[in-house]
Amino acid sequence: MKIRENCKYSIVVPTSMGVRICPMNGQPVQASDTFFMQATSAESNVISVAAYLGMKTKVLTTFVKDSPIADFIKRNLRSRGIDYEGAEVEQGDPWGYRHQFNIADSGYGTRGPRVCNDRAGEVGRTLNVKDFDTDRIFGEEGVQILHLSGLIGALSPETSQFCLALARAAKKYGTLISFDLNYRASFWKNREAELREIFSEIASISDILVGNEEDFQLALGIDGPEAGGKDLASKIESFKGMIGCVKEKFPGASVYATTLRQVISVNRHLWGAILLDGDEWHIAEPREIQVLDRIGGGDGFVGGMLYAILKGWESEKWVQFGWASGAMATTFLTDYAQPADEEQVWSIWGGNARVKR
């Protein structure tokens, strides 16, 4: 897997930016009157790891023109060191375009999290390749990795074609393509055949394929073990068999990875990962982590893995750094990890939670 050199950007992602609002102190939405608001998207969560560790990253998105929420999002991206590019779309009337709202109760103890996605009028559904100069982005500026998410791939017919066009442009210029399938049943409703075809084409030209326990099965039709339940460690061989089937169907990729999660309680999870690099397996055996907010853990894993790949480390470290970045993300109120430095991430992998003075 050859990484391009002399590129302006390490990672570029298409995304639909929005805001996430959460009750304070782990309380449920219906019992709260004070909320914490953050700018969010799964794809910007991924590149935050690399951005905080000094790599040049960028989101391709779209904004509601003159919206205070759009301004809030832009300010947040700048604070993370993430560049952005995108069309400014007129809101129209009061029932026109807006940025998505994600209303999330993180849960606590035995009370599970509840997430409500309010995406009516979402401006990100209008993402269109005509609004971006792909020859400039991938050819002149240069991108080492284009990371695509199934959330954007399935958000609307327009975004599906947008992701496909970006993947083709990236392939043309030798940019590596990372594809996190991120299956969501509500996005796929009444579009199953269309999306299976588009996802399969993107997967066929991807260099890195990522999913959780169910994504490969539901998005690509790959047989695999039942997700969830107890005794996660005993299923590792079954998950390796599933990844083997993915590789057989989509042999063009070099790296295949999946995260593993078993929920003991809201605040105690077993967290693991499997990565196949060529013919070499690397396993992060499931072990217990403490969870403040689980949302963003999978994105943190992908972000850490991509960072490790770009650093040129041996592939054993890809899964380790990814595991630790995902575990780190679950310790933040934001749904993205904000590592201070590489050492902080490696300390999580090593189980060293001692104070650093």
# chains A, B, ... in the order shown; residues from 1 in each chain; ligands from 1
$ residues_around --residues "segment 268-284 of chain A" --least-positions-apart "4" --cutoff "6 Å" --atoms "only C-alpha atoms" --output "PyMOL selection string"
chain A and resi 254-264+288-291+316
$ select_by_dssp --residues "segment 54-265 of chain A" --states "helix (DSSP H, G or I)" --output "PyMOL selection string"
chain A and resi 68-80+123-126+129-131+134-141+150-153+157-172+185-188+192-205+215-220+232-249
$ select_by_dssp --residues "segment 121-357 of chain A" --states "strand (DSSP E or B)" --output "ChimeraX atom specification"
/A:122,143-149,176-180,208-211,255-265,268-277,280-290
$ atom_distance --atom1 "atom CA of Tyr84 of chain A" --atom2 "atom CA of Leu60 of chain A"
6.0 Å
$ residues_around --residues "segment 334-351 of chain A" --least-positions-apart "4" --cutoff "6 Å" --atoms "only C-alpha atoms" --output "number ranges by chain"
A: 45, 295-296, 324, 328-329
